[in-house]
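Heads up, structure_21.cif below (mmCIF, C-alpha atoms and all ligand atoms):
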```
data_coords
loop_
_atom_site.group_PDB
_atom_site.id
_atom_site.type_symbol
_atom_site.label_atom_id
_atom_site.label_comp_id
_atom_site.auth_asym_id
_atom_site.auth_seq_id
_atom_site.Cartn_x
_atom_site.Cartn_y
_atom_site.Cartn_z
ATOM 1 C CA MET P 21 0.000 0.000 0.000
ATOM 2 C CA ARG P 22 1.330 3.386 -0.949
ATOM 3 C CA ILE P 23 0.635 5.115 2.391
ATOM 4 C CA ILE P 24 2.905 2.642 4.110
ATOM 5 C CA ASP P 25 5.603 3.048 1.455
ATOM 6 C CA ASP P 26 5.430 6.818 1.913
ATOM 7 C CA ILE P 27 5.709 6.576 5.700
ATOM 8 C CA LEU P 28 8.641 4.178 5.409
ATOM 9 C CA ASN P 29 10.319 6.466 2.926
ATOM 10 C CA LEU P 30 9.844 9.483 5.180
ATOM 11 C CA ALA P 31 11.335 7.522 8.078
ATOM 12 C CA ARG P 32 14.273 6.429 5.930
ATOM 13 C CA ILE P 33 14.877 9.974 4.775
ATOM 14 C CA GLU P 34 14.665 11.415 8.309
ATOM 15 C CA THR P 35 17.129 8.864 9.652
ATOM 16 C CA GLY P 36 19.525 9.285 6.748
ATOM 17 C CA ARG P 37 18.898 5.805 5.447
ATOM 18 C CA TYR P 38 17.499 6.691 2.037
ATOM 19 C CA GLU P 39 20.427 6.193 -0.258
ATOM 20 C CA ILE P 40 20.870 8.784 -2.929
ATOM 21 C CA ASP P 41 23.195 8.133 -5.827
ATOM 22 C CA LEU P 42 23.482 11.170 -8.072
ATOM 23 C CA GLU P 43 24.097 10.478 -11.740
ATOM 24 C CA PRO P 44 22.939 11.944 -15.051
ATOM 25 C CA VAL P 45 19.278 11.009 -15.429
ATOM 26 C CA ALA P 46 17.181 11.321 -18.587
ATOM 27 C CA LEU P 47 14.077 13.139 -17.427
ATOM 28 C CA ASP P 48 12.144 12.290 -20.589
ATOM 29 C CA ALA P 49 12.501 8.599 -19.731
ATOM 30 C CA VAL P 50 11.404 9.195 -16.147
ATOM 31 C CA LEU P 51 8.303 10.994 -17.423
ATOM 32 C CA LEU P 52 7.434 8.259 -19.917
ATOM 33 C CA ASP P 53 7.754 5.688 -17.146
ATOM 34 C CA ALA P 54 5.430 7.631 -14.881
ATOM 35 C CA LEU P 55 2.909 8.182 -17.678
ATOM 36 C CA GLN P 56 2.849 4.468 -18.294
ATOM 37 C CA VAL P 57 2.169 3.742 -14.617
ATOM 38 C CA MET P 58 -0.600 6.341 -14.657
ATOM 39 C CA ALA P 59 -2.134 5.306 -17.988
ATOM 40 C CA PRO P 60 -5.268 3.753 -16.467
ATOM 41 C CA ARG P 61 -6.008 6.888 -14.440
ATOM 42 C CA LEU P 62 -5.371 9.114 -17.454
ATOM 43 C CA ARG P 63 -7.854 7.085 -19.443
ATOM 44 C CA GLU P 64 -10.418 6.987 -16.646
ATOM 45 C CA LYS P 65 -10.618 10.780 -16.613
ATOM 46 C CA SER P 66 -10.083 11.211 -20.363
ATOM 47 C CA LEU P 67 -7.126 13.473 -19.669
ATOM 48 C CA VAL P 68 -4.927 14.812 -22.414
ATOM 49 C CA VAL P 69 -1.183 14.905 -21.834
ATOM 50 C CA GLU P 70 0.840 17.524 -23.661
ATOM 51 C CA ASN P 71 4.386 16.365 -23.228
ATOM 52 C CA ALA P 72 6.906 18.916 -24.446
ATOM 53 C CA VAL P 73 9.858 16.955 -23.050
ATOM 54 C CA GLY P 74 11.144 15.092 -26.063
ATOM 55 C CA ASP P 75 13.785 12.400 -26.073
ATOM 56 C CA GLY P 76 17.266 13.798 -26.168
ATOM 57 C CA ALA P 77 16.341 16.397 -23.554
ATOM 58 C CA PRO P 78 19.328 17.402 -21.400
ATOM 59 C CA LYS P 79 19.993 15.207 -18.369
ATOM 60 C CA ALA P 80 19.757 16.223 -14.743
ATOM 61 C CA MET P 81 21.915 15.180 -11.794
ATOM 62 C CA ALA P 82 19.498 13.015 -9.853
ATOM 63 C CA ASP P 83 18.900 9.643 -8.289
ATOM 64 C CA GLU P 84 16.758 7.790 -10.773
ATOM 65 C CA ARG P 85 14.649 5.928 -8.229
ATOM 66 C CA ALA P 86 14.052 9.050 -6.129
ATOM 67 C CA MET P 87 13.223 11.123 -9.201
ATOM 68 C CA LYS P 88 10.729 8.523 -10.359
ATOM 69 C CA GLN P 89 9.030 8.683 -6.974
ATOM 70 C CA VAL P 90 8.906 12.464 -7.051
ATOM 71 C CA VAL P 91 7.427 12.577 -10.541
ATOM 72 C CA LEU P 92 4.867 9.907 -9.637
ATOM 73 C CA HIS P 93 3.728 11.855 -6.577
ATOM 74 C CA VAL P 94 3.457 15.160 -8.415
ATOM 75 C CA LEU P 95 1.804 13.604 -11.447
ATOM 76 C CA ALA P 96 -0.650 11.726 -9.200
ATOM 77 C CA ASN P 97 -1.734 15.067 -7.762
ATOM 78 C CA ALA P 98 -2.067 16.638 -11.209
ATOM 79 C CA LEU P 99 -4.324 13.762 -12.274
ATOM 80 C CA ARG P 100 -6.301 13.693 -9.045
ATOM 81 C CA PHE P 101 -7.126 17.384 -9.188
ATOM 82 C CA SER P 102 -7.616 17.694 -12.954
ATOM 83 C CA PRO P 103 -11.150 18.095 -14.234
ATOM 84 C CA ASN P 104 -12.383 15.359 -16.556
ATOM 85 C CA ALA P 105 -10.967 15.797 -20.050
ATOM 86 C CA GLY P 106 -8.483 18.354 -18.731
ATOM 87 C CA THR P 107 -4.991 18.798 -20.095
ATOM 88 C CA VAL P 108 -1.832 18.002 -18.139
ATOM 89 C CA ARG P 109 1.271 19.745 -19.480
ATOM 90 C CA LEU P 110 4.829 18.547 -19.035
ATOM 91 C CA MET P 111 7.661 20.881 -19.891
ATOM 92 C CA LEU P 112 11.350 21.360 -19.347
ATOM 93 C CA ASP P 113 12.956 24.746 -18.871
ATOM 94 C CA ASP P 114 16.574 24.369 -19.950
ATOM 95 C CA GLY P 115 17.370 28.028 -20.439
ATOM 96 C CA ASP P 116 19.980 28.076 -17.653
ATOM 97 C CA PRO P 117 23.360 26.406 -18.295
ATOM 98 C CA ASP P 118 23.478 24.922 -14.771
ATOM 99 C CA ILE P 119 19.855 24.207 -13.905
ATOM 100 C CA LEU P 120 16.974 22.212 -15.309
ATOM 101 C CA GLU P 121 13.408 22.814 -14.276
ATOM 102 C CA LEU P 122 10.768 20.229 -14.990
ATOM 103 C CA GLY P 123 7.222 21.587 -14.940
ATOM 104 C CA ILE P 124 4.039 19.580 -14.380
ATOM 105 C CA ALA P 125 0.922 21.678 -14.835
ATOM 106 C CA ASP P 126 -2.767 20.913 -14.512
ATOM 107 C CA GLU P 127 -6.077 22.701 -15.046
ATOM 108 C CA GLY P 128 -7.480 21.818 -11.633
ATOM 109 C CA PRO P 129 -8.904 24.141 -8.952
ATOM 110 C CA GLY P 130 -5.498 25.546 -8.021
ATOM 111 C CA ILE P 131 -4.247 26.246 -4.503
ATOM 112 C CA ASP P 132 -4.471 29.446 -2.528
ATOM 113 C CA PRO P 133 -0.876 30.722 -2.144
ATOM 114 C CA SER P 134 -1.354 31.050 1.627
ATOM 115 C CA ARG P 135 -1.869 27.282 1.886
ATOM 116 C CA ILE P 136 1.108 26.200 -0.172
ATOM 117 C CA SER P 137 3.923 26.102 2.418
ATOM 118 C CA ARG P 138 1.848 23.964 4.807
ATOM 119 C CA LEU P 139 1.392 21.233 2.230
ATOM 120 C CA PHE P 140 5.000 20.125 2.637
ATOM 121 C CA THR P 141 4.489 18.988 6.242
ATOM 122 C CA PRO P 142 3.464 15.300 6.503
ATOM 123 C CA PHE P 143 -0.284 14.828 7.180
ATOM 124 C CA ARG P 144 -0.671 18.595 7.654
ATOM 125 C CA LYS P 145 -3.230 19.244 5.025
ATOM 126 C CA ASP P 146 -5.353 22.167 6.143
ATOM 127 C CA GLU P 147 -9.122 22.060 6.785
ATOM 128 C CA ARG P 148 -9.924 22.941 3.202
ATOM 129 C CA SER P 149 -7.948 20.117 1.679
ATOM 130 C CA ALA P 150 -9.050 17.680 4.390
ATOM 131 C CA GLN P 151 -12.636 18.140 3.253
ATOM 132 C CA ALA P 152 -11.801 17.994 -0.394
ATOM 133 C CA SER P 153 -11.016 14.724 -2.057
ATOM 134 C CA GLY P 154 -7.440 13.857 -1.419
ATOM 135 C CA GLY P 155 -5.204 11.291 0.208
ATOM 136 C CA PRO P 156 -3.416 11.298 3.549
ATOM 137 C CA GLY P 157 -1.148 14.178 2.602
ATOM 138 C CA LEU P 158 2.192 12.453 2.144
ATOM 139 C CA GLY P 159 2.909 12.957 -1.536
ATOM 140 C CA LEU P 160 4.299 16.491 -1.415
ATOM 141 C CA PRO P 161 6.287 15.998 1.833
ATOM 142 C CA VAL P 162 7.991 12.938 0.355
ATOM 143 C CA ALA P 163 8.596 14.725 -2.949
ATOM 144 C CA ALA P 164 10.081 17.784 -1.222
ATOM 145 C CA LYS P 165 12.422 15.725 0.961
ATOM 146 C CA LEU P 166 13.644 13.680 -1.974
ATOM 147 C CA MET P 167 14.266 16.804 -4.058
ATOM 148 C CA ASP P 168 16.211 18.226 -1.135
ATOM 149 C CA LEU P 169 18.315 15.044 -0.827
ATOM 150 C CA MET P 170 19.165 15.376 -4.520
ATOM 151 C CA GLY P 171 20.272 18.971 -4.003
ATOM 152 C CA GLY P 172 17.221 20.198 -5.862
ATOM 153 C CA SER P 173 13.974 21.835 -4.892
ATOM 154 C CA ILE P 174 10.251 21.843 -5.538
ATOM 155 C CA ARG P 175 8.156 24.931 -6.049
ATOM 156 C CA ILE P 176 4.408 25.230 -6.480
ATOM 157 C CA ASP P 177 3.071 27.974 -8.651
ATOM 158 C CA SER P 178 -0.673 28.120 -8.256
ATOM 159 C CA ALA P 179 -3.681 30.292 -7.651
ATOM 160 C CA PRO P 180 -7.367 29.451 -7.266
ATOM 161 C CA ASP P 181 -8.984 28.807 -10.642
ATOM 162 C CA ARG P 182 -5.711 29.142 -12.468
ATOM 163 C CA GLY P 183 -4.556 25.555 -12.185
ATOM 164 C CA THR P 184 -1.355 24.386 -10.587
ATOM 165 C CA ARG P 185 2.165 24.149 -11.879
ATOM 166 C CA VAL P 186 4.770 22.241 -9.895
ATOM 167 C CA ASN P 187 8.385 22.971 -10.759
ATOM 168 C CA LEU P 188 11.107 20.464 -9.990
ATOM 169 C CA ARG P 189 14.539 22.023 -10.077
ATOM 170 C CA LEU P 190 17.768 20.059 -10.367
ATOM 171 C CA ALA P 191 21.368 20.644 -11.341
ATOM 172 C CA ARG P 192 21.976 20.011 -15.002
ATOM 173 C CA ALA P 193 24.383 17.177 -15.757
ATOM 174 C CA ARG P 194 27.570 18.295 -17.505
ATOM 175 C CA SER P 195 27.574 16.887 -20.981
ATOM 176 C CA ALA P 196 30.609 14.619 -21.079
HETATM 177 N N1 LIG R 201 -2.153 19.722 -8.468
HETATM 178 C C1 LIG R 201 -2.867 20.118 -7.397
HETATM 179 N N2 LIG R 201 -3.999 20.850 -7.536
HETATM 180 C C2 LIG R 201 -4.720 21.234 -6.458
HETATM 181 N N3 LIG R 201 -4.393 20.950 -5.171
HETATM 182 C C3 LIG R 201 -3.280 20.230 -4.972
HETATM 183 C C4 LIG R 201 -2.445 19.775 -6.058
HETATM 184 N N4 LIG R 201 -1.390 19.097 -5.541
HETATM 185 C C5 LIG R 201 -1.562 19.126 -4.202
HETATM 186 N N5 LIG R 201 -2.686 19.790 -3.850
HETATM 187 C C6 LIG R 201 -3.180 20.053 -2.484
HETATM 188 O O1 LIG R 201 -2.156 19.694 -1.577
HETATM 189 C C7 LIG R 201 -2.618 18.665 -0.696
HETATM 190 C C8 LIG R 201 -1.443 17.805 -0.306
HETATM 191 O O2 LIG R 201 -0.921 17.090 -1.442
HETATM 192 P P1 LIG R 201 -0.192 15.706 -1.170
HETATM 193 O O3 LIG R 201 0.203 15.108 -2.472
HETATM 194 O O4 LIG R 201 0.885 15.934 -0.173
HETATM 195 O O5 LIG R 201 -1.302 14.845 -0.452
HETATM 196 P P2 LIG R 201 -2.566 14.089 -1.069
HETATM 197 O O6 LIG R 201 -2.472 14.030 -2.564
HETATM 198 O O7 LIG R 201 -3.800 14.706 -0.481
HETATM 199 O O8 LIG R 201 -2.367 12.632 -0.450
HETATM 200 P P3 LIG R 201 -1.284 11.539 -0.923
HETATM 201 O O9 LIG R 201 -0.343 12.206 -1.891
HETATM 202 O O10 LIG R 201 -0.592 11.111 0.334
HETATM 203 O O11 LIG R 201 -2.099 10.462 -1.565
HETATM 204 C C9 LIG R 201 -3.700 17.961 -1.488
HETATM 205 O O12 LIG R 201 -4.605 17.271 -0.668
HETATM 206 C C10 LIG R 201 -4.361 19.156 -2.168
HETATM 207 O O13 LIG R 201 -5.202 19.850 -1.266
HETATM 208 MG MG MG R 202 -0.671 13.432 -3.504
#
```
Could you express the structure from this file as structure tokens?
Amino acid sequence: MRIIDDILNLARIETGRYEIDLEPVALDAVLLDALQVMAPRLREKSLVVENAVGDGAPKAMADERAMKQVVLHVLANALRFSPNAGTVRLMLDDGDPDILELGIADEGPGIDPSRISRLFTPFRKDERSAQASGGPGLGLPVAAKLMDLMGGSIRIDSAPDRGTRVNLRLARARSA
């Protein structure tokens, strides 16, 4: 069960027992993997995916397993909060020579900026999100900790009725 995996992962991270091995990781492959895992849910809600991250995209310094988990958690949220037949957009900002920023955007209800920082604390979803459909509130805390372990960061850019864009920032791998 995923809740248990998330709790175990949080415990591993907190006690320094989640092993991170940084290496150049192809983000396009990580995305395709996650989309495959999520295919049934995408179909269920008739969602459209606009994936602007083609193969041959620059690589990021990351731990492949951790990055897959992060992308799965963020993508799961994008799907959960998307309206039926909504569009989920995947994009990669590679304008900086040292940094890559992967963006996952949805057309859901958005998040009030005042709520955003709280969402990174395990189980600390506020009253509003506790009422709304959602899970236990572990996805973003796990994602944020893993990004941190990889020397990266996660940022949420959202406003009510404007959808949500989650940005995952990592160091760019030096091309050999
Ligand atoms: N893409 C999004 N659009 C709107 N709200 C979001 C989005 N992503 C996260 N949230 C808000 O942040 C809360 C916390 O997200 P988080 O992924 O940590 O937990 P969850 O999805 O509710 O449960 P879990 O991930 O453990 O199954 C969500 O319940 C929701 O209120
Ligand atoms: Mg979640």
Requested in this report: Name the residues, using the chain letters and numbers of the file, that sit within 9 Å of (14.5, 13.6, -3.6) when counting only C-alpha atoms, and give them as a list in words.
Outcome: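 Those residues lying close to the given coordinates are Ile40, Ala82, Asp83, Arg85, Ala86, Met87, Gln89, Val90, Val162, Ala163, Ala164, Lys165, Leu166, Met167, Asp168, Leu169, Met170, Gly171, Gly172 and Ser173 of chain P.
Minimum distance to ligand MG 202 (chain R) across P:Ser195, P:Gln56, P:Thr107, P:Asn97 (counting only C-alpha atoms and all ligand atoms) occurs at P:Asn97.
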Query - Output check: residues returned by the PyMOL selection byres (((chain P and resi 177-186) around 10) and not hetatm), as number ranges by chain - result: P: 94-95, 97-98, 101-102, 108-110, 121-134, 136, 174-176, 187-189
Requested in this report: Around ligand MG 202 (chain R), at most 8 Å away and counting all atoms listed in the file, which residues are there? Put them as an MDAnalysis selection string, please.
Outcome: chainID P and resid 93:94 96:97 100 154:160
Once you have the residues from the selection above, write them out as a compact mmCIF listing (two decimals), in the frame of the given file, restricted to C-alpha atoms.
```
# COMPACT_ATOMS: atom_id res chain seq x y z
CA HIS P 93 3.73 11.86 -6.58
CA VAL P 94 3.46 15.16 -8.41
CA ALA P 96 -0.65 11.73 -9.20
CA ASN P 97 -1.73 15.07 -7.76
CA ARG P 100 -6.30 13.69 -9.04
CA GLY P 154 -7.44 13.86 -1.42
CA GLY P 155 -5.20 11.29 0.21
CA PRO P 156 -3.42 11.30 3.55
CA GLY P 157 -1.15 14.18 2.60
CA LEU P 158 2.19 12.45 2.14
CA GLY P 159 2.91 12.96 -1.54
CA LEU P 160 4.30 16.49 -1.42
```
Query raised in the report: Looking at P:Leu52, P:Asp118, P:Leu99, P:Glu70, which one is nearest to ligand LIG 201 (chain R), with distances taken over only C-alpha atoms and all ligand atoms?
Result: P:Leu99
Requested in this report: Identify which of the residues P:Pro60, P:Asp75, P:Ala191, P:Pro142 lies closest to Ala31 in chain P, counting only C-alpha atoms when measuring atom-to-atom distances.
Outcome: P:Pro142
Query raised in the report: Using only C-alpha atoms and all ligand atoms, which residue out of P:Arg22, P:Arg63, P:Lys88, P:Lys79 lies closest to ligand LIG 201 (chain R)?
Result: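 Between P:Arg22, P:Arg63, P:Lys88, P:Lys79, the residue approaching ligand LIG 201 (chain R) most closely is P:Arg22.
Take the candidates P:Arg192, P:Ile27, P:Val45, P:Arg32 and check each one against ligand LIG 201 (chain R) using all atoms listed in the file; the shortest distance goes to P:Ile27.
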Report task. Mind giving me the straight-line distance from CA of Ser66 in chain P to CA of Asn104 in chain P in Å, one decimal? Result ->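 Those two atoms sit 6.1 Å apart.
Restricting the calculation to all atoms listed in the file, the smallest distance between Asp26 in chain P and any of P:Glu43, P:Phe143, P:Pro103, P:Pro117 is found for P:Phe143.
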Query raised in the report: When you draw a straight line from CA of Arg37 in chain P to CA of Met81 in chain P, how long is it in Å?
Result: 19.9 Å
Output, as lines of an AutoDock Vina configuration file, the centre and edge lengths in Å (one decimal) of the axis-aligned box that contains all listed atoms of range 184-192 of chain P with 4 Å of margin on each side.
```
center_x = 10.3
center_y = 22.2
center_z = -12.4
size_x = 31.3
size_y = 12.4
size_z = 13.1
```
Query raised in the report: For the atom pair CA of Lys65 in chain P and CA of Asp48 in chain P, what is the interatomic distance in Å to one decimal place?
Result: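 Separating CA of Lys65 in chain P from CA of Asp48 in chain P is a distance of 23.2 Å.
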